[in-house]
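Source file entry-v6.cif; content: mmCIF, C-alpha atoms.
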data_work
#
loop_
_atom_site.label_atom_id
_atom_site.label_comp_id
_atom_site.auth_asym_id
_atom_site.auth_seq_id
_atom_site.Cartn_x
_atom_site.Cartn_y
_atom_site.Cartn_z
CA MET A 22 -11.07 -6.33 24.53
CA GLN A 23 -7.71 -7.61 23.40
CA THR A 24 -6.38 -7.97 19.86
CA ASP A 25 -2.99 -9.49 19.15
CA ILE A 26 -1.75 -8.79 15.63
CA ILE A 27 1.30 -9.99 13.72
CA ILE A 28 2.18 -7.86 10.71
CA ALA A 29 4.57 -9.69 8.39
CA GLY A 30 6.36 -9.09 5.12
CA VAL A 31 9.73 -8.09 3.75
CA GLY A 32 11.66 -4.85 3.72
CA GLY A 33 10.20 -2.01 1.68
CA GLN A 34 6.58 -3.17 1.83
CA GLY A 35 5.41 -0.56 4.35
CA ILE A 36 4.90 -2.85 7.32
CA LEU A 37 6.08 -0.28 9.82
CA SER A 38 3.68 2.28 8.31
CA ILE A 39 0.82 -0.17 8.83
CA ALA A 40 1.93 -0.66 12.43
CA ALA A 41 2.16 3.11 12.98
CA CYS A 42 -1.39 3.62 11.68
CA ILE A 43 -2.84 0.84 13.86
CA GLY A 44 -0.90 2.14 16.86
CA MET A 45 -2.11 5.70 16.40
CA ALA A 46 -5.72 4.52 15.96
CA ALA A 47 -5.41 2.43 19.15
CA LEU A 48 -4.17 5.43 21.10
CA LYS A 49 -7.02 7.56 19.71
CA SER A 50 -9.34 4.84 21.09
CA ASP A 51 -7.76 5.21 24.56
CA LEU A 52 -6.56 1.62 24.36
CA HIS A 53 -3.33 0.21 25.73
CA LEU A 54 -0.71 -0.72 23.16
CA LYS A 55 2.52 -2.71 23.16
CA GLN A 56 4.58 -3.28 20.04
CA SER A 57 7.81 -4.95 19.07
CA GLU A 58 9.45 -5.03 15.66
CA VAL A 59 11.99 -7.21 13.91
CA HIS A 60 13.54 -5.73 10.81
CA GLY A 61 16.91 -7.40 10.40
CA MET A 62 18.11 -7.07 6.83
CA SER A 63 14.97 -5.18 5.84
CA GLN A 64 16.73 -2.78 3.47
CA ARG A 65 17.94 -5.81 1.50
CA GLY A 66 14.53 -7.47 1.23
CA GLY A 67 14.80 -9.41 4.48
CA ALA A 68 11.90 -10.28 6.75
CA VAL A 69 10.10 -7.55 8.68
CA GLN A 70 7.64 -8.40 11.41
CA SER A 71 5.76 -6.50 14.06
CA ASN A 72 3.92 -7.83 17.11
CA MET A 73 1.10 -5.48 18.16
CA ARG A 74 -0.95 -6.05 21.27
CA ILE A 75 -3.99 -3.82 21.80
CA SER A 76 -6.23 -4.02 24.86
CA ASP A 77 -8.56 -2.06 27.10
CA LYS A 78 -6.52 -3.43 30.02
CA GLU A 79 -2.85 -3.11 30.86
CA ILE A 80 -0.61 -5.32 28.70
CA VAL A 81 2.34 -7.02 30.38
CA SER A 82 4.42 -8.25 27.42
CA ASP A 83 4.91 -6.93 23.90
CA LEU A 84 5.39 -10.44 22.49
CA ILE A 85 2.44 -12.54 21.34
CA PRO A 86 2.39 -16.13 22.65
CA LEU A 87 2.03 -19.05 20.24
CA GLY A 88 -1.60 -19.62 19.28
CA ALA A 89 -2.79 -16.23 20.52
CA ALA A 90 -2.77 -13.90 17.48
CA ARG A 91 -6.24 -12.82 16.42
CA LEU A 92 -4.86 -11.56 13.14
CA ILE A 93 -1.88 -12.13 10.89
CA LEU A 94 -1.69 -9.31 8.37
CA SER A 95 0.75 -10.47 5.73
CA VAL A 96 1.79 -8.26 2.83
CA GLU A 97 3.70 -11.22 1.34
CA PRO A 98 2.08 -14.69 1.25
CA MET A 99 4.97 -16.90 2.39
CA GLU A 100 5.63 -14.59 5.34
CA GLY A 101 2.03 -15.15 6.41
CA LEU A 102 2.60 -18.90 6.53
CA ARG A 103 5.79 -18.42 8.54
CA TYR A 104 3.77 -17.06 11.48
CA LEU A 105 0.90 -19.59 11.44
CA PRO A 106 2.03 -21.12 14.79
CA TRP A 107 1.09 -17.80 16.42
CA LEU A 108 -2.42 -17.71 14.92
CA ALA A 109 -5.29 -18.46 17.32
CA ALA A 110 -7.64 -21.29 16.34
CA ASP A 111 -10.32 -18.70 15.51
CA GLY A 112 -7.85 -16.08 14.20
CA TRP A 113 -7.69 -14.61 10.69
CA LEU A 114 -4.90 -14.59 8.12
CA VAL A 115 -5.21 -11.66 5.71
CA SER A 116 -2.63 -12.01 2.96
CA ASN A 117 -1.55 -10.31 -0.22
CA THR A 118 -1.24 -12.65 -3.24
CA THR A 119 1.93 -11.08 -4.63
CA PRO A 120 5.09 -12.93 -3.64
CA VAL A 121 8.47 -11.30 -3.15
CA LYS A 122 10.81 -13.93 -4.54
CA ASN A 123 13.98 -12.86 -2.82
CA ILE A 124 15.41 -16.37 -2.40
CA SER A 125 16.37 -18.91 -5.07
CA ASP A 126 14.21 -21.71 -3.63
CA TYR A 127 11.05 -19.69 -3.09
CA PRO A 128 8.16 -22.21 -3.00
CA ASP A 129 5.54 -22.44 -5.72
CA THR A 130 3.14 -19.50 -5.32
CA ASP A 131 0.08 -21.63 -6.11
CA GLU A 132 1.01 -24.03 -3.29
CA ILE A 133 1.37 -21.13 -0.85
CA ILE A 134 -2.01 -19.68 -1.84
CA SER A 135 -3.58 -23.14 -1.60
CA GLU A 136 -2.21 -23.52 1.93
CA ILE A 137 -3.70 -20.16 2.90
CA ARG A 138 -7.04 -21.14 1.37
CA SER A 139 -7.05 -24.29 3.53
CA LEU A 140 -7.31 -22.14 6.65
CA GLY A 141 -10.78 -21.61 8.05
CA ASN A 142 -10.51 -17.83 8.39
CA HIS A 143 -8.61 -16.15 5.61
CA VAL A 144 -8.73 -13.23 3.19
CA ILE A 145 -6.53 -13.35 0.09
CA ILE A 146 -6.32 -10.11 -1.83
CA ASP A 147 -4.33 -8.87 -4.81
CA ALA A 148 -3.37 -5.67 -3.02
CA ASP A 149 -0.82 -4.65 -5.64
CA SER A 150 -3.41 -4.53 -8.45
CA ILE A 151 -5.94 -2.75 -6.24
CA ALA A 152 -3.32 -0.16 -5.23
CA LYS A 153 -2.51 0.48 -8.90
CA GLY A 154 -6.22 0.95 -9.55
CA ALA A 155 -6.38 3.42 -6.66
CA GLY A 156 -3.63 5.46 -8.32
CA SER A 157 -0.60 4.46 -6.25
CA PRO A 158 1.19 1.11 -6.60
CA ARG A 159 3.20 2.02 -3.49
CA SER A 160 0.00 2.06 -1.38
CA SER A 161 -0.58 -1.70 -1.41
CA ASN A 162 0.17 -1.71 2.32
CA MET A 163 -2.82 0.60 2.88
CA VAL A 164 -4.98 -1.76 0.78
CA MET A 165 -3.87 -4.57 3.11
CA LEU A 166 -4.65 -2.48 6.19
CA GLY A 167 -8.12 -1.79 4.81
CA ALA A 168 -8.71 -5.50 4.08
CA ALA A 169 -7.62 -6.42 7.61
CA SER A 170 -9.52 -3.57 9.30
CA PRO A 171 -12.65 -5.62 10.19
CA TYR A 172 -10.48 -7.91 12.36
CA ILE A 173 -8.44 -5.31 14.25
CA GLY A 174 -11.05 -4.31 16.82
CA ILE A 175 -10.71 -0.57 16.27
CA GLU A 176 -13.30 1.72 14.72
CA TYR A 177 -12.51 2.01 11.00
CA LEU A 178 -12.78 5.83 10.87
CA LEU A 179 -9.99 6.05 13.46
CA LEU A 180 -7.75 4.15 11.05
CA GLU A 181 -8.53 6.76 8.38
CA GLU A 182 -7.66 9.53 10.87
CA ALA A 183 -4.40 7.78 11.67
CA VAL A 184 -3.51 7.52 7.96
CA ARG A 185 -4.17 11.26 7.58
CA ASP A 186 -1.97 12.04 10.59
CA ILE A 187 0.86 9.70 9.60
CA PHE A 188 1.10 10.91 5.97
CA LYS A 189 0.17 14.61 6.34
CA ARG A 190 3.79 15.77 6.27
CA LYS A 191 4.04 14.25 2.77
CA GLY A 192 1.22 16.40 1.43
CA LYS A 193 -2.47 16.21 0.56
CA ASP A 194 -2.00 14.09 -2.59
CA VAL A 195 -0.16 11.37 -0.64
CA VAL A 196 -2.82 11.43 2.09
CA ASP A 197 -5.63 11.21 -0.46
CA VAL A 198 -4.16 8.28 -2.39
CA ASN A 199 -3.48 6.36 0.82
CA ILE A 200 -7.04 6.94 2.06
CA GLU A 201 -8.36 5.76 -1.30
CA ALA A 202 -6.19 2.63 -1.08
CA LEU A 203 -7.35 2.01 2.51
CA ARG A 204 -11.00 2.30 1.45
CA ALA A 205 -10.42 0.02 -1.56
CA GLY A 206 -9.03 -2.65 0.76
CA ARG A 207 -11.87 -2.17 3.25
CA ASN A 208 -14.46 -2.57 0.49
CA TYR A 209 -12.76 -5.57 -1.13
CA LYS A 210 -15.02 -8.58 -1.48
#
I need this file expressed as C-alpha cells, please.
Amino acid sequence: MQTDIIIAGVGGQGILSIAACIGMAALKSDLHLKQSEVHGMSQRGGAVQSNMRISDKEIVSDLIPLGAARLILSVEPMEGLRYLPWLAADGWLVSNTTPVKNISDYPDTDEIISEIRSLGNHVIIDADSIAKGAGSPRSSNMVMLGAASPYIGIEYLLLEEAVRDIFKRKGKDVVDVNIEALRAGRNYK
C-alpha cells in the first residue's frame, strides 16, 4: 500500500492541521510516513502545501514525483490546479469551491471549477457552507478531510481518533464541532 497526497491551499486554511490528522492516523495504522511542507508567506495568505507519503513499506523520499500523487486535497480551487502535474493518471482531485482571491489577477472562478470538472476523478465541495452548517465556519478544513477520506487509504475511524487527539487540548466543544465537520464531509454526496 502506498498513498501519495498533496495538500494545497493558502495560509490560514488549516492545511497543516489536515496533515497532522492524516499523519497521526497513519501512525496509528502502523504505516510509514514521510512529510514535507512549504509555507512561505503563509501568514500573509501565501501558498501552503504539504507532500505526504504513506506506505506499508519504507519510504525513501518525502517528495512526491510528478504524476505520482494519488490524491490532491485542495482547500482552495486554484491551488488544486497548480499541482495537477503531480496527479497520477488515476488520481483524485478533491477541491473546495471557495476561492481565496489574494491576487489582483485571480482567474475566473467558473473557469477554474470547469477545469476541475474536466478531470476524470474529482470531488468539488462547498466546504465553507457545510462547515457553517456544522456549526463552525473555521472547520472547513475538516469538511475537506472528510470528503477526501475515501481516497487516503486509511481507515476512516482512525481519522476521527486523530482529530480527537489533535484538538483535545482546545476542549470538548472544539473536538465535537471538528468531528461533526469531518463526518459532514465524509457523508457529502
Item to complete: Specify as JSON, numbers by chain each residue included when the PyMOL selection byres ((chain A and resi 128-142) around 6) is applied to this file.
Response: {"A": [113, 127, 143]}
Worksheet item: What does the distance between atom CA of Pro86 of chain A and atom CA of Ala109 of chain A come to in Å, to one decimal place?
Response: 9.6 Å
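For the residues A:Asp111, A:Glu58, A:Glu176, A:Glu181, ranking by smallest atom-to-atom distance to Ile27 of chain A using all atoms listed in the file places A:Glu58 first.
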Selection dump of the PyMOL selection byres ((chain A and resi 108) around 12), as a short mmCIF file (atom, residue, chain, number, x, y, z; two decimals) with C-alpha atoms, in the frame of the given file:
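As a result, result_38.cif now contains:
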data_model
loop_
_atom_site.label_atom_id
_atom_site.label_comp_id
_atom_site.auth_asym_id
_atom_site.auth_seq_id
_atom_site.Cartn_x
_atom_site.Cartn_y
_atom_site.Cartn_z
CA THR A 24 -6.38 -7.97 19.86
CA ASP A 25 -2.99 -9.49 19.15
CA ILE A 26 -1.75 -8.79 15.63
CA ILE A 27 1.30 -9.99 13.72
CA ILE A 28 2.18 -7.86 10.71
CA ASN A 72 3.92 -7.83 17.11
CA ILE A 85 2.44 -12.54 21.34
CA PRO A 86 2.39 -16.13 22.65
CA LEU A 87 2.03 -19.05 20.24
CA GLY A 88 -1.60 -19.62 19.28
CA ALA A 89 -2.79 -16.23 20.52
CA ALA A 90 -2.77 -13.90 17.48
CA ARG A 91 -6.24 -12.82 16.42
CA LEU A 92 -4.86 -11.56 13.14
CA ILE A 93 -1.88 -12.13 10.89
CA LEU A 94 -1.69 -9.31 8.37
CA GLY A 101 2.03 -15.15 6.41
CA LEU A 102 2.60 -18.90 6.53
CA ARG A 103 5.79 -18.42 8.54
CA TYR A 104 3.77 -17.06 11.48
CA LEU A 105 0.90 -19.59 11.44
CA PRO A 106 2.03 -21.12 14.79
CA TRP A 107 1.09 -17.80 16.42
CA ALA A 109 -5.29 -18.46 17.32
CA ALA A 110 -7.64 -21.29 16.34
CA ASP A 111 -10.32 -18.70 15.51
CA GLY A 112 -7.85 -16.08 14.20
CA TRP A 113 -7.69 -14.61 10.69
CA LEU A 114 -4.90 -14.59 8.12
CA VAL A 115 -5.21 -11.66 5.71
CA LEU A 140 -7.31 -22.14 6.65
CA GLY A 141 -10.78 -21.61 8.05
CA ASN A 142 -10.51 -17.83 8.39
CA HIS A 143 -8.61 -16.15 5.61
#
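Here the PyMOL selection byres ((chain A and resi 47-55) around 7) matches the residues A:Ile43, A:Gly44, A:Met45, A:Ala46, A:Gln56, A:Met73, A:Arg74, A:Ile75, A:Ser76, A:Asp77, A:Lys78, A:Glu79, A:Ile80, A:Asp83, A:Ile175.
Taking atom CA of Ala183 of chain A and atom CA of Val69 of chain A as the two end points, the separation is 21.3 Å.
Residues surrounding segment 150-153 of chain A within 10 Å are A:Thr118, A:Thr119, A:Ile146, A:Asp147, A:Ala148, A:Ala155, A:Gly156, A:Ser157, A:Pro158, A:Arg159, A:Ser160, A:Ser161, A:Asn162, A:Met163, A:Val164, A:Met165, A:Val198, A:Asn199, A:Glu201, A:Ala202, A:Leu203, A:Ala205, A:Gly206, A:Tyr209 [only C-alpha atoms; sequence separation below 2 positions excluded].
Relative to atom CA of Ala40 of chain A, atom CA of Ser57 of chain A is found at 9.9 Å.
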Practice prompt. Using all atoms listed in the file, pick whichever of A:Pro171, A:Ser71, A:Lys191, A:Leu84 has the shortest atom-to-atom distance to Ala41 of chain A.
Written response: A:Ser71
Worksheet item: Closest to Ser38 of chain A among A:Leu166, A:Val195, A:Leu179, A:Ile173, using only C-alpha atoms?
Response: A:Leu166
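Distances here use all atoms listed in the file; by that measure, the residue among A:Pro98, A:Ala68, A:Gln23, A:Gly32 closest to Tyr172 of chain A is A:Gln23.
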Output file request: segment 136-151 of chain A, with all heavy atoms, as a PDB file, in the first residue's frame.
ATOM      1  N   GLU A 136     -12.491  23.605 -15.161  1.00  0.00           N
ATOM      2  CA  GLU A 136     -11.259  22.835 -15.385  1.00  0.00           C
ATOM      3  C   GLU A 136     -11.199  21.631 -14.443  1.00  0.00           C
ATOM      4  O   GLU A 136     -10.829  20.524 -14.852  1.00  0.00           O
ATOM      5  CB  GLU A 136     -10.034  23.741 -15.176  1.00  0.00           C
ATOM      6  CG  GLU A 136      -8.716  23.065 -15.438  1.00  0.00           C
ATOM      7  CD  GLU A 136      -8.449  22.802 -16.918  1.00  0.00           C
ATOM      8  OE1 GLU A 136      -9.062  23.475 -17.761  1.00  0.00           O
ATOM      9  OE2 GLU A 136      -7.649  21.898 -17.211  1.00  0.00           O
ATOM     10  N   ILE A 137     -11.595  21.829 -13.200  1.00  0.00           N
ATOM     11  CA  ILE A 137     -11.605  20.706 -12.252  1.00  0.00           C
ATOM     12  C   ILE A 137     -12.622  19.655 -12.700  1.00  0.00           C
ATOM     13  O   ILE A 137     -12.342  18.458 -12.682  1.00  0.00           O
ATOM     14  CB  ILE A 137     -11.893  21.207 -10.820  1.00  0.00           C
ATOM     15  CG1 ILE A 137     -10.729  22.067 -10.318  1.00  0.00           C
ATOM     16  CG2 ILE A 137     -12.141  20.018  -9.871  1.00  0.00           C
ATOM     17  CD1 ILE A 137     -11.004  22.799  -9.023  1.00  0.00           C
ATOM     18  N   ARG A 138     -13.792  20.122 -13.136  1.00  0.00           N
ATOM     19  CA  ARG A 138     -14.827  19.182 -13.584  1.00  0.00           C
ATOM     20  C   ARG A 138     -14.389  18.383 -14.810  1.00  0.00           C
ATOM     21  O   ARG A 138     -14.897  17.300 -15.061  1.00  0.00           O
ATOM     22  CB  ARG A 138     -16.120  19.929 -13.907  1.00  0.00           C
ATOM     23  CG  ARG A 138     -16.853  20.447 -12.690  1.00  0.00           C
ATOM     24  CD  ARG A 138     -18.225  21.014 -13.070  1.00  0.00           C
ATOM     25  NE  ARG A 138     -18.779  21.875 -12.065  1.00  0.00           N
ATOM     26  CZ  ARG A 138     -19.306  21.475 -10.912  1.00  0.00           C
ATOM     27  NH1 ARG A 138     -19.354  20.200 -10.636  1.00  0.00           N
ATOM     28  NH2 ARG A 138     -19.784  22.353 -10.047  1.00  0.00           N
ATOM     29  N   SER A 139     -13.439  18.895 -15.571  1.00  0.00           N
ATOM     30  CA  SER A 139     -12.981  18.179 -16.770  1.00  0.00           C
ATOM     31  C   SER A 139     -12.091  16.987 -16.418  1.00  0.00           C
ATOM     32  O   SER A 139     -11.811  16.157 -17.280  1.00  0.00           O
ATOM     33  CB  SER A 139     -12.231  19.132 -17.704  1.00  0.00           C
ATOM     34  OG  SER A 139     -10.949  19.445 -17.193  1.00  0.00           O
ATOM     35  N   LEU A 140     -11.652  16.924 -15.173  1.00  0.00           N
ATOM     36  CA  LEU A 140     -10.813  15.797 -14.751  1.00  0.00           C
ATOM     37  C   LEU A 140     -11.686  14.561 -14.555  1.00  0.00           C
ATOM     38  O   LEU A 140     -12.824  14.665 -14.113  1.00  0.00           O
ATOM     39  CB  LEU A 140     -10.094  16.123 -13.443  1.00  0.00           C
ATOM     40  CG  LEU A 140      -9.163  17.340 -13.486  1.00  0.00           C
ATOM     41  CD1 LEU A 140      -8.684  17.673 -12.086  1.00  0.00           C
ATOM     42  CD2 LEU A 140      -7.998  17.077 -14.420  1.00  0.00           C
ATOM     43  N   GLY A 141     -11.136  13.409 -14.838  1.00  0.00           N
ATOM     44  CA  GLY A 141     -11.901  12.176 -14.670  1.00  0.00           C
ATOM     45  C   GLY A 141     -12.320  11.927 -13.238  1.00  0.00           C
ATOM     46  O   GLY A 141     -13.486  11.662 -12.942  1.00  0.00           O
ATOM     47  N   ASN A 142     -11.393  12.040 -12.310  1.00  0.00           N
ATOM     48  CA  ASN A 142     -11.664  11.752 -10.897  1.00  0.00           C
ATOM     49  C   ASN A 142     -11.590  13.046 -10.097  1.00  0.00           C
ATOM     50  O   ASN A 142     -10.497  13.565  -9.850  1.00  0.00           O
ATOM     51  CB  ASN A 142     -10.638  10.754 -10.344  1.00  0.00           C
ATOM     52  CG  ASN A 142     -10.717   9.407 -11.012  1.00  0.00           C
ATOM     53  OD1 ASN A 142     -11.787   8.985 -11.442  1.00  0.00           O
ATOM     54  ND2 ASN A 142      -9.587   8.732 -11.113  1.00  0.00           N
ATOM     55  N   HIS A 143     -12.739  13.541  -9.707  1.00  0.00           N
ATOM     56  CA  HIS A 143     -12.750  14.779  -8.935  1.00  0.00           C
ATOM     57  C   HIS A 143     -13.945  14.798  -7.975  1.00  0.00           C
ATOM     58  O   HIS A 143     -14.957  14.127  -8.211  1.00  0.00           O
ATOM     59  CB  HIS A 143     -12.819  15.999  -9.850  1.00  0.00           C
ATOM     60  CG  HIS A 143     -14.124  16.093 -10.585  1.00  0.00           C
ATOM     61  ND1 HIS A 143     -14.344  15.497 -11.793  1.00  0.00           N
ATOM     62  CD2 HIS A 143     -15.291  16.708 -10.265  1.00  0.00           C
ATOM     63  CE1 HIS A 143     -15.572  15.727 -12.199  1.00  0.00           C
ATOM     64  NE2 HIS A 143     -16.188  16.465 -11.283  1.00  0.00           N
ATOM     65  N   VAL A 144     -13.772  15.549  -6.902  1.00  0.00           N
ATOM     66  CA  VAL A 144     -14.860  15.871  -5.980  1.00  0.00           C
ATOM     67  C   VAL A 144     -14.768  17.370  -5.757  1.00  0.00           C
ATOM     68  O   VAL A 144     -13.698  17.883  -5.419  1.00  0.00           O
ATOM     69  CB  VAL A 144     -14.711  15.130  -4.627  1.00  0.00           C
ATOM     70  CG1 VAL A 144     -15.778  15.598  -3.645  1.00  0.00           C
ATOM     71  CG2 VAL A 144     -14.765  13.626  -4.823  1.00  0.00           C
ATOM     72  N   ILE A 145     -15.858  18.073  -5.988  1.00  0.00           N
ATOM     73  CA  ILE A 145     -15.914  19.516  -5.749  1.00  0.00           C
ATOM     74  C   ILE A 145     -16.967  19.744  -4.680  1.00  0.00           C
ATOM     75  O   ILE A 145     -18.105  19.318  -4.829  1.00  0.00           O
ATOM     76  CB  ILE A 145     -16.275  20.294  -7.025  1.00  0.00           C
ATOM     77  CG1 ILE A 145     -15.261  19.988  -8.125  1.00  0.00           C
ATOM     78  CG2 ILE A 145     -16.314  21.790  -6.743  1.00  0.00           C
ATOM     79  CD1 ILE A 145     -15.643  20.579  -9.468  1.00  0.00           C
ATOM     80  N   ILE A 146     -16.571  20.413  -3.624  1.00  0.00           N
ATOM     81  CA  ILE A 146     -17.447  20.523  -2.458  1.00  0.00           C
ATOM     82  C   ILE A 146     -17.400  21.945  -1.902  1.00  0.00           C
ATOM     83  O   ILE A 146     -16.320  22.544  -1.830  1.00  0.00           O
ATOM     84  CB  ILE A 146     -17.036  19.472  -1.394  1.00  0.00           C
ATOM     85  CG1 ILE A 146     -17.915  19.535  -0.160  1.00  0.00           C
ATOM     86  CG2 ILE A 146     -15.569  19.578  -1.027  1.00  0.00           C
ATOM     87  CD1 ILE A 146     -17.693  18.364   0.802  1.00  0.00           C
ATOM     88  N   ASP A 147     -18.550  22.464  -1.539  1.00  0.00           N
ATOM     89  CA  ASP A 147     -18.610  23.788  -0.901  1.00  0.00           C
ATOM     90  C   ASP A 147     -18.387  23.580   0.601  1.00  0.00           C
ATOM     91  O   ASP A 147     -19.312  23.577   1.400  1.00  0.00           O
ATOM     92  CB  ASP A 147     -19.958  24.451  -1.178  1.00  0.00           C
ATOM     93  CG  ASP A 147     -20.034  25.860  -0.615  1.00  0.00           C
ATOM     94  OD1 ASP A 147     -19.111  26.284   0.122  1.00  0.00           O
ATOM     95  OD2 ASP A 147     -21.036  26.544  -0.895  1.00  0.00           O
ATOM     96  N   ALA A 148     -17.131  23.396   0.946  1.00  0.00           N
ATOM     97  CA  ALA A 148     -16.777  23.063   2.329  1.00  0.00           C
ATOM     98  C   ALA A 148     -17.111  24.190   3.292  1.00  0.00           C
ATOM     99  O   ALA A 148     -17.456  23.934   4.450  1.00  0.00           O
ATOM    100  CB  ALA A 148     -15.289  22.712   2.415  1.00  0.00           C
ATOM    101  N   ASP A 149     -17.023  25.425   2.829  1.00  0.00           N
ATOM    102  CA  ASP A 149     -17.296  26.552   3.726  1.00  0.00           C
ATOM    103  C   ASP A 149     -18.757  26.551   4.178  1.00  0.00           C
ATOM    104  O   ASP A 149     -19.047  26.738   5.366  1.00  0.00           O
ATOM    105  CB  ASP A 149     -16.940  27.872   3.036  1.00  0.00           C
ATOM    106  CG  ASP A 149     -15.444  27.979   2.789  1.00  0.00           C
ATOM    107  OD1 ASP A 149     -14.917  27.167   2.003  1.00  0.00           O
ATOM    108  OD2 ASP A 149     -14.803  28.860   3.387  1.00  0.00           O
ATOM    109  N   SER A 150     -19.684  26.324   3.239  1.00  0.00           N
ATOM    110  CA  SER A 150     -21.113  26.287   3.614  1.00  0.00           C
ATOM    111  C   SER A 150     -21.412  25.087   4.505  1.00  0.00           C
ATOM    112  O   SER A 150     -22.185  25.201   5.467  1.00  0.00           O
ATOM    113  CB  SER A 150     -21.988  26.219   2.365  1.00  0.00           C
ATOM    114  OG  SER A 150     -21.877  27.410   1.633  1.00  0.00           O
ATOM    115  N   ILE A 151     -20.810  23.961   4.207  1.00  0.00           N
ATOM    116  CA  ILE A 151     -21.043  22.756   5.017  1.00  0.00           C
ATOM    117  C   ILE A 151     -20.503  22.965   6.429  1.00  0.00           C
ATOM    118  O   ILE A 151     -21.150  22.583   7.413  1.00  0.00           O
ATOM    119  CB  ILE A 151     -20.419  21.523   4.338  1.00  0.00           C
ATOM    120  CG1 ILE A 151     -21.171  21.223   3.028  1.00  0.00           C
ATOM    121  CG2 ILE A 151     -20.427  20.318   5.266  1.00  0.00           C
ATOM    122  CD1 ILE A 151     -20.516  20.180   2.153  1.00  0.00           C
TER     123      ILE A 151
END
